[in-house]
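Peer 1: final09.cif is the file, holding mmCIF, C-alpha atoms and all ligand atoms:
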data_entry
#
loop_
_atom_site.label_atom_id
_atom_site.label_comp_id
_atom_site.auth_asym_id
_atom_site.auth_seq_id
_atom_site.Cartn_x
_atom_site.Cartn_y
_atom_site.Cartn_z
CA MET A 197 -7.91 -19.27 -1.88
CA ILE A 198 -7.88 -16.15 0.26
CA ILE A 199 -4.33 -15.34 1.36
CA ARG A 200 -4.49 -14.00 4.91
CA LYS A 201 -1.91 -11.52 6.11
CA THR A 202 0.02 -11.44 9.38
CA PRO A 203 -0.19 -8.29 11.54
CA GLU A 204 3.30 -7.34 10.29
CA GLN A 205 2.18 -7.73 6.68
CA VAL A 206 -0.92 -5.64 7.35
CA ASP A 207 1.39 -2.94 8.75
CA GLN A 208 3.43 -3.09 5.54
CA MET A 209 0.28 -2.65 3.48
CA ALA A 210 -0.63 0.30 5.70
CA ALA A 211 2.76 1.85 4.90
CA ALA A 212 1.89 1.64 1.20
CA GLY A 213 -1.52 3.04 2.11
CA ASP A 214 0.04 6.00 3.89
CA ILE A 215 1.91 6.99 0.73
CA LEU A 216 -1.30 6.49 -1.24
CA VAL A 217 -3.26 8.80 1.09
CA ARG A 218 -0.65 11.54 0.80
CA THR A 219 -0.71 11.16 -2.99
CA MET A 220 -4.52 11.35 -3.00
CA THR A 221 -4.55 14.44 -0.77
CA MET A 222 -2.13 16.16 -3.13
CA LEU A 223 -4.18 15.24 -6.22
CA LYS A 224 -7.42 16.41 -4.60
CA SER A 225 -5.86 19.82 -4.00
CA LYS A 226 -4.76 19.98 -7.66
CA ALA A 227 -8.07 18.80 -9.12
CA ARG A 228 -9.32 22.19 -10.30
CA PRO A 229 -10.72 23.50 -13.60
CA GLY A 230 -7.99 23.65 -16.26
CA ILE A 231 -5.76 20.82 -15.08
CA THR A 232 -5.39 17.82 -17.36
CA THR A 233 -5.60 14.24 -16.16
CA LEU A 234 -2.05 13.71 -17.48
CA GLU A 235 -0.79 16.50 -15.22
CA LEU A 236 -2.42 14.76 -12.26
CA ASP A 237 -0.85 11.47 -13.33
CA GLU A 238 2.63 12.97 -13.59
CA ALA A 239 2.33 14.62 -10.18
CA ALA A 240 1.22 11.31 -8.66
CA GLU A 241 4.03 9.29 -10.21
CA LYS A 242 6.66 11.79 -9.14
CA PHE A 243 5.44 11.83 -5.56
CA ILE A 244 5.01 8.05 -5.26
CA ARG A 245 8.53 7.41 -6.57
CA SER A 246 9.95 10.10 -4.25
CA GLN A 247 8.66 7.98 -1.36
CA GLY A 248 10.60 4.89 -2.48
CA ALA A 249 7.43 3.27 -3.81
CA THR A 250 6.04 2.49 -7.27
CA PRO A 251 2.67 3.23 -8.90
CA SER A 252 1.09 -0.24 -9.05
CA PHE A 253 -1.05 0.49 -12.11
CA LYS A 254 1.82 1.57 -14.38
CA GLY A 255 2.44 -1.25 -16.83
CA TYR A 256 -0.22 -3.47 -15.27
CA ARG A 257 -1.41 -5.50 -18.30
CA GLY A 258 0.08 -2.64 -20.32
CA PHE A 259 -1.82 0.20 -18.62
CA PRO A 260 0.10 3.38 -19.47
CA GLY A 261 -0.80 5.57 -16.48
CA SER A 262 0.23 5.74 -12.84
CA ILE A 263 -3.35 6.53 -11.82
CA CYS A 264 -6.75 6.00 -13.37
CA ALA A 265 -8.57 9.28 -14.02
CA SER A 266 -12.20 8.87 -15.06
CA PRO A 267 -14.35 11.97 -15.64
CA ASN A 268 -18.15 12.17 -15.56
CA SER A 269 -19.81 9.18 -17.29
CA MET A 270 -16.53 7.26 -17.26
CA VAL A 271 -16.75 4.87 -14.31
CA VAL A 272 -13.23 3.48 -14.01
CA HIS A 273 -9.90 2.72 -15.74
CA GLY A 274 -9.53 6.09 -17.48
CA ILE A 275 -6.12 6.54 -19.09
CA PRO A 276 -4.66 9.92 -18.07
CA GLY A 277 -4.28 12.23 -21.04
CA SER A 278 -5.26 15.55 -22.52
CA TYR A 279 -8.70 15.74 -20.88
CA GLU A 280 -8.94 19.10 -19.14
CA CYS A 281 -11.05 19.21 -15.98
CA LYS A 282 -13.86 21.72 -16.11
CA ARG A 283 -16.16 23.33 -13.58
CA GLY A 284 -19.06 21.01 -12.74
CA ASP A 285 -17.22 17.77 -13.59
CA VAL A 286 -16.86 14.85 -11.28
CA LEU A 287 -13.51 13.08 -11.58
CA SER A 288 -12.79 9.60 -10.23
CA ILE A 289 -9.17 9.20 -9.18
CA ASP A 290 -7.93 5.66 -8.50
CA ILE A 291 -4.42 5.07 -7.14
CA GLY A 292 -2.36 1.93 -6.48
CA VAL A 293 0.90 2.08 -4.52
CA THR A 294 3.42 -0.74 -4.11
CA LYS A 295 5.91 -0.38 -1.26
CA ASP A 296 8.38 -3.13 -0.33
CA GLY A 297 6.34 -5.62 -2.36
CA TRP A 298 2.96 -4.80 -0.75
CA VAL A 299 0.10 -3.10 -2.55
CA ALA A 300 -2.56 -0.60 -1.44
CA ASP A 301 -5.44 0.51 -3.66
CA ALA A 302 -7.96 3.32 -3.16
CA ALA A 303 -10.18 5.71 -5.09
CA VAL A 304 -12.32 8.79 -4.62
CA THR A 305 -14.59 10.79 -6.91
CA VAL A 306 -13.97 14.51 -6.51
CA PRO A 307 -16.07 17.50 -7.57
CA ILE A 308 -14.36 20.01 -9.88
CA GLY A 309 -15.67 23.31 -8.57
CA PRO A 310 -19.40 23.52 -7.82
CA ILE A 311 -21.38 20.48 -9.03
CA SER A 312 -25.07 19.73 -9.55
CA THR A 313 -27.36 18.49 -6.77
CA GLU A 314 -27.65 15.18 -8.60
CA ALA A 315 -23.87 14.80 -8.71
CA LYS A 316 -23.54 15.67 -5.03
CA GLN A 317 -26.08 13.00 -4.14
CA LEU A 318 -24.28 10.42 -6.30
CA LEU A 319 -20.96 11.13 -4.60
CA GLY A 320 -22.49 11.12 -1.11
CA VAL A 321 -24.36 7.85 -1.62
CA THR A 322 -21.35 6.05 -3.12
CA ARG A 323 -19.02 7.30 -0.38
CA ASN A 324 -21.46 6.23 2.34
CA ALA A 325 -21.85 2.81 0.71
CA LEU A 326 -18.09 2.31 0.95
CA PHE A 327 -18.14 3.05 4.67
CA ASP A 328 -21.14 0.75 5.15
CA GLY A 329 -19.27 -2.07 3.38
CA ALA A 330 -16.02 -1.45 5.26
CA ARG A 331 -17.88 -1.59 8.60
CA GLN A 332 -18.74 -5.25 7.85
CA MET A 333 -15.05 -6.25 7.79
CA VAL A 334 -15.33 -8.06 11.13
CA ALA A 335 -14.07 -11.58 11.86
CA GLY A 336 -16.94 -14.07 11.67
CA ASN A 337 -18.88 -12.04 9.14
CA HIS A 338 -19.11 -13.30 5.58
CA LEU A 339 -18.15 -11.70 2.28
CA GLY A 340 -21.85 -11.38 1.46
CA ASP A 341 -22.27 -9.07 4.45
CA VAL A 342 -19.90 -6.56 2.83
CA SER A 343 -21.58 -6.90 -0.57
CA ASN A 344 -25.09 -6.70 0.84
CA ALA A 345 -24.34 -3.63 2.98
CA ILE A 346 -23.10 -1.78 -0.10
CA GLN A 347 -26.06 -2.84 -2.22
CA ARG A 348 -28.63 -1.84 0.41
CA SER A 349 -26.90 1.47 1.04
CA VAL A 350 -26.97 2.36 -2.67
CA GLU A 351 -30.37 0.98 -3.61
CA SER A 352 -32.14 2.51 -0.60
CA ASN A 353 -31.17 5.84 -2.16
CA GLY A 354 -32.65 4.93 -5.54
CA LEU A 355 -29.31 4.41 -7.31
CA SER A 356 -27.91 1.22 -8.90
CA VAL A 357 -24.66 -0.59 -8.30
CA ILE A 358 -22.75 -1.74 -11.36
CA ARG A 359 -22.70 -5.53 -11.29
CA THR A 360 -19.96 -6.29 -13.77
CA LEU A 361 -17.23 -4.40 -11.85
CA VAL A 362 -16.10 -5.77 -8.49
CA GLY A 363 -13.62 -5.26 -5.67
CA HIS A 364 -10.95 -7.81 -4.83
CA GLY A 365 -8.55 -9.34 -2.38
CA ILE A 366 -5.20 -7.54 -2.25
CA GLY A 367 -1.73 -8.14 -0.83
CA ARG A 368 1.49 -8.89 -2.67
CA GLU A 369 -0.67 -8.82 -5.79
CA MET A 370 -3.09 -6.03 -6.62
CA HIS A 371 -5.76 -8.55 -7.53
CA GLU A 372 -6.09 -11.61 -5.30
CA GLU A 373 -9.06 -13.77 -4.43
CA PRO A 374 -11.86 -13.25 -3.63
CA GLN A 375 -13.85 -11.04 -5.96
CA VAL A 376 -15.90 -8.55 -3.92
CA PRO A 377 -19.22 -7.82 -5.67
CA ASN A 378 -21.14 -4.69 -4.69
CA PHE A 379 -24.33 -6.74 -4.38
CA GLY A 380 -25.18 -10.02 -2.70
CA GLU A 381 -26.84 -11.85 0.15
CA ALA A 382 -25.87 -11.28 3.77
CA GLY A 383 -24.36 -14.32 5.48
CA ARG A 384 -23.24 -15.91 2.18
CA GLY A 385 -19.77 -16.47 0.77
CA PRO A 386 -16.45 -17.10 2.50
CA GLU A 387 -16.08 -16.22 6.16
CA LEU A 388 -14.00 -13.13 6.89
CA GLU A 389 -11.08 -14.15 9.07
CA ILE A 390 -8.46 -12.07 10.85
CA GLY A 391 -5.84 -11.14 8.24
CA THR A 392 -8.27 -10.97 5.32
CA VAL A 393 -7.55 -7.80 3.32
CA LEU A 394 -9.96 -6.57 0.65
CA ALA A 395 -10.15 -3.65 -1.75
CA ILE A 396 -13.78 -2.62 -1.33
CA GLU A 397 -14.98 -0.36 -4.13
CA PRO A 398 -18.60 0.54 -4.83
CA MET A 399 -19.08 1.77 -8.40
CA VAL A 400 -22.41 3.51 -8.96
CA ASN A 401 -24.21 5.12 -11.90
CA ALA A 402 -26.68 7.96 -11.44
CA GLY A 403 -28.77 6.31 -14.19
CA GLY A 404 -29.12 2.64 -15.10
CA PRO A 405 -26.66 -0.02 -13.90
CA LEU A 406 -25.22 -1.02 -17.29
CA VAL A 407 -21.75 -0.10 -18.56
CA ARG A 408 -19.90 -0.24 -21.88
CA MET A 409 -16.21 -0.49 -22.75
CA GLY A 410 -14.51 2.52 -24.33
CA ASP A 411 -12.62 2.41 -27.64
CA ASP A 412 -9.22 2.42 -25.88
CA GLY A 413 -9.94 -1.01 -24.41
CA TRP A 414 -9.55 0.28 -20.83
CA SER A 415 -12.10 2.95 -19.99
CA VAL A 416 -15.53 1.85 -18.81
CA PHE A 417 -18.53 4.19 -19.24
CA SER A 418 -22.08 4.17 -17.98
CA GLU A 419 -24.08 2.84 -20.93
CA ASP A 420 -26.68 5.60 -20.74
CA GLY A 421 -24.12 8.39 -20.35
CA SER A 422 -25.16 9.19 -16.78
CA LEU A 423 -22.61 10.34 -14.19
CA ALA A 424 -20.70 7.65 -12.32
CA ALA A 425 -18.86 7.52 -8.99
CA HIS A 426 -16.22 5.24 -7.47
CA PHE A 427 -14.95 5.20 -3.90
CA GLU A 428 -12.48 2.60 -2.61
CA PHE A 429 -10.56 1.59 0.49
CA THR A 430 -8.12 -1.21 1.21
CA VAL A 431 -9.44 -2.71 4.46
CA ALA A 432 -8.07 -5.42 6.79
CA VAL A 433 -9.99 -7.61 9.23
CA THR A 434 -8.16 -7.27 12.58
CA PRO A 435 -8.89 -8.45 16.14
CA ASP A 436 -10.02 -4.87 16.82
CA GLY A 437 -12.40 -4.79 13.85
CA PRO A 438 -12.00 -3.20 10.42
CA ARG A 439 -8.73 -1.38 9.81
CA ILE A 440 -8.77 0.99 6.84
CA LEU A 441 -5.25 0.91 5.38
CA THR A 442 -5.88 3.82 2.97
CA PRO A 443 -7.67 6.35 5.24
CA TRP A 444 -7.98 9.22 2.76
CA HIS A 445 -11.02 10.46 4.71
CA GLU A 446 -8.84 11.31 7.70
CA ALA A 447 -7.05 13.91 5.56
CA GLU A 448 -10.31 15.60 4.47
MG MG B 1 -9.32 -1.91 -6.77
#
Show me this structure written as structure tokens.
Peer 2:
Amino acid sequence: MIIRKTPEQVDQMAAAGDILVRTMTMLKSKARPGITTLELDEAAEKFIRSQGATPSFKGYRGFPGSICASPNSMVVHGIPGSYECKRGDVLSIDIGVTKDGWVADAAVTVPIGPISTEAKQLLGVTRNALFDGARQMVAGNHLGDVSNAIQRSVESNGLSVIRTLVGHGIGREMHEEPQVPNFGEAGRGPELEIGTVLAIEPMVNAGGPLVRMGDDGWSVFSEDGSLAAHFEFTVAVTPDGPRILTPWHEAE
């Protein structure tokens, strides 16, 4: 069952999203060669708590970090630690913020200094796919319209979406129904109604679409070791169309 949110509840999720965006902006400015992912994590946790909110990921099924920090061929769910960012890396930063019982979730992949042409293309395609998916969050559309828009956007650029990792409904819980695959048929699946809120999150490998689990039981890597990217928004269906509740792009 998809739990729809009232306009007031959507506003509360946007308040969590506002803290998330400010956290993300701060981390993007710190993401330079030499910083460790643990330092980014600590800065995020400190800021989120200073805003009267909590990092949603911390303790989730035992996850130790406040953010996920996933460099290079790591796609998602990286545990922050001693990894030191270096020039030419791409680093995926995923943040969850809970404020007054409502959750917002968003991610970006950032370049660490100058990056390769291939990496730039990967980031650009994945970011565009997110916007193409979010644009489909219109009442009367179907979930498959979101999924299909992402898939077409990625595949038309010769890259592959990862099929075993999906987006999700979000609200009082970080993970609610439905699952939001990054591939599918337009017009299929549940209808998107006003008050539907989804975390839309294309995850894309520069190489093949397969992934493997890391030894820590959390991190997920591209199977072939190719670079990976992850961009995510929390988006609500409103009478005025899609409303991005985590507008990190507006701070760019
Ligand atoms: Mg998510």
Peer 1: Scan for residues within 8 Å of the point (-15.6, -8.1, -5.0) in the coordinates of the file, using only C-alpha atoms, and reply as a PyMOL selection string.
Peer 2: chain A and resi 343+361-365+374-378+395-397
Peer 1: Name the residues, by chain letter and number, that sit within 12 Å of ligand MG 1 (chain B) using only C-alpha atoms and all ligand atoms, and give them as a PyMOL selection string.
Peer 2: chain A and resi 252-253+263-264+272-273+289-293+299-304+361-367+369-372+375-377+393-399+426-431+442
Peer 1: So how far away is CA of Leu216 (chain A) from CA of Pro386 (chain A), in Å?
Peer 2: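 Value for the CA of Pro386 (chain A)-CA of Leu216 (chain A) distance: 28.3 Å.
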Peer 1: Point out the residue among A:Asn268, A:Pro260, A:Met333, A:Thr360 with the least atom-to-atom distance to Leu319 (chain A), counting only C-alpha atoms.
Peer 2: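 Of A:Asn268, A:Pro260, A:Met333, A:Thr360, the one nearest Leu319 (chain A), counting only C-alpha atoms, is A:Asn268.
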Peer 1: Here is a test: counting only C-alpha atoms, which residue of A:Met220, A:Ala212, A:Ile390, A:Leu355 is nearest to Ala425 (chain A)?
Peer 2: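 Once distances to Ala425 (chain A) are computed over only C-alpha atoms, the minimum belongs to A:Leu355.
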Peer 1: Work out how far CA of Arg384 (chain A) is from CA of Lys201 (chain A), in Å to one decimal.
Peer 2: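 Atom-to-atom, CA of Lys201 (chain A) and CA of Arg384 (chain A) are spaced 22.1 Å apart.
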Peer 1: Near Ser422 (chain A), within 6 Å and counting all atoms listed in the file, which residues show up once chain neighbours fewer than 6 positions away are dropped, as a list in words?
Peer 2: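 In the requested form, the answer reads Ser269, Ala402 and Gly403 of chain A.
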Peer 1: Report the distance between CA of His445 (chain A) and CA of Ala227 (chain A) in Å, rounded to one decimal place.
Peer 2: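 Distance reported for this atom pair: 16.4 Å.
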Peer 1: Taking (-22.7, -8.9, 9.3) in the file's coordinates, which residues come within 7 Å, counting all atoms listed in the file, written as a ChimeraX atom specification?
Peer 2: /A:332,337-338,341,382-383
Peer 1: Draw an axis-aligned box over all listed atoms of region 439-442 of chain A, pad each side with 8 Å, and write its centre and edge lengths in Å, one decimal, as AutoDock Vina command-line options.
Peer 2:
--center_x -7.0 --center_y 1.2 --center_z 6.4 --size_x 19.5 --size_y 21.2 --size_z 22.8
Peer 1: Give me, as a PyMOL selection string, all polymer residues having an atom no more than 7 Å from region 346-349 of chain A, counting all atoms listed in the file and skipping those fewer than 2 positions away in the same chain.
Peer 2: chain A and resi 325-326+328-329+342-344+351-353+357+378-379+398
Peer 1: Quick one: write out the picked residues with C-alpha atoms as a PDB file, keeping the file's coordinate frame?
Peer 2:
ATOM      1  CA  ALA A 325     -21.850   2.810   0.710  1.00  0.00           C
ATOM      2  CA  LEU A 326     -18.090   2.310   0.950  1.00  0.00           C
ATOM      3  CA  ASP A 328     -21.140   0.750   5.150  1.00  0.00           C
ATOM      4  CA  GLY A 329     -19.270  -2.070   3.380  1.00  0.00           C
ATOM      5  CA  VAL A 342     -19.900  -6.560   2.830  1.00  0.00           C
ATOM      6  CA  SER A 343     -21.580  -6.900  -0.570  1.00  0.00           C
ATOM      7  CA  ASN A 344     -25.090  -6.700   0.840  1.00  0.00           C
ATOM      8  CA  GLU A 351     -30.370   0.980  -3.610  1.00  0.00           C
ATOM      9  CA  SER A 352     -32.140   2.510  -0.600  1.00  0.00           C
ATOM     10  CA  ASN A 353     -31.170   5.840  -2.160  1.00  0.00           C
ATOM     11  CA  VAL A 357     -24.660  -0.590  -8.300  1.00  0.00           C
ATOM     12  CA  ASN A 378     -21.140  -4.690  -4.690  1.00  0.00           C
ATOM     13  CA  PHE A 379     -24.330  -6.740  -4.380  1.00  0.00           C
ATOM     14  CA  PRO A 398     -18.600   0.540  -4.830  1.00  0.00           C
TER      15      PRO A 398
END
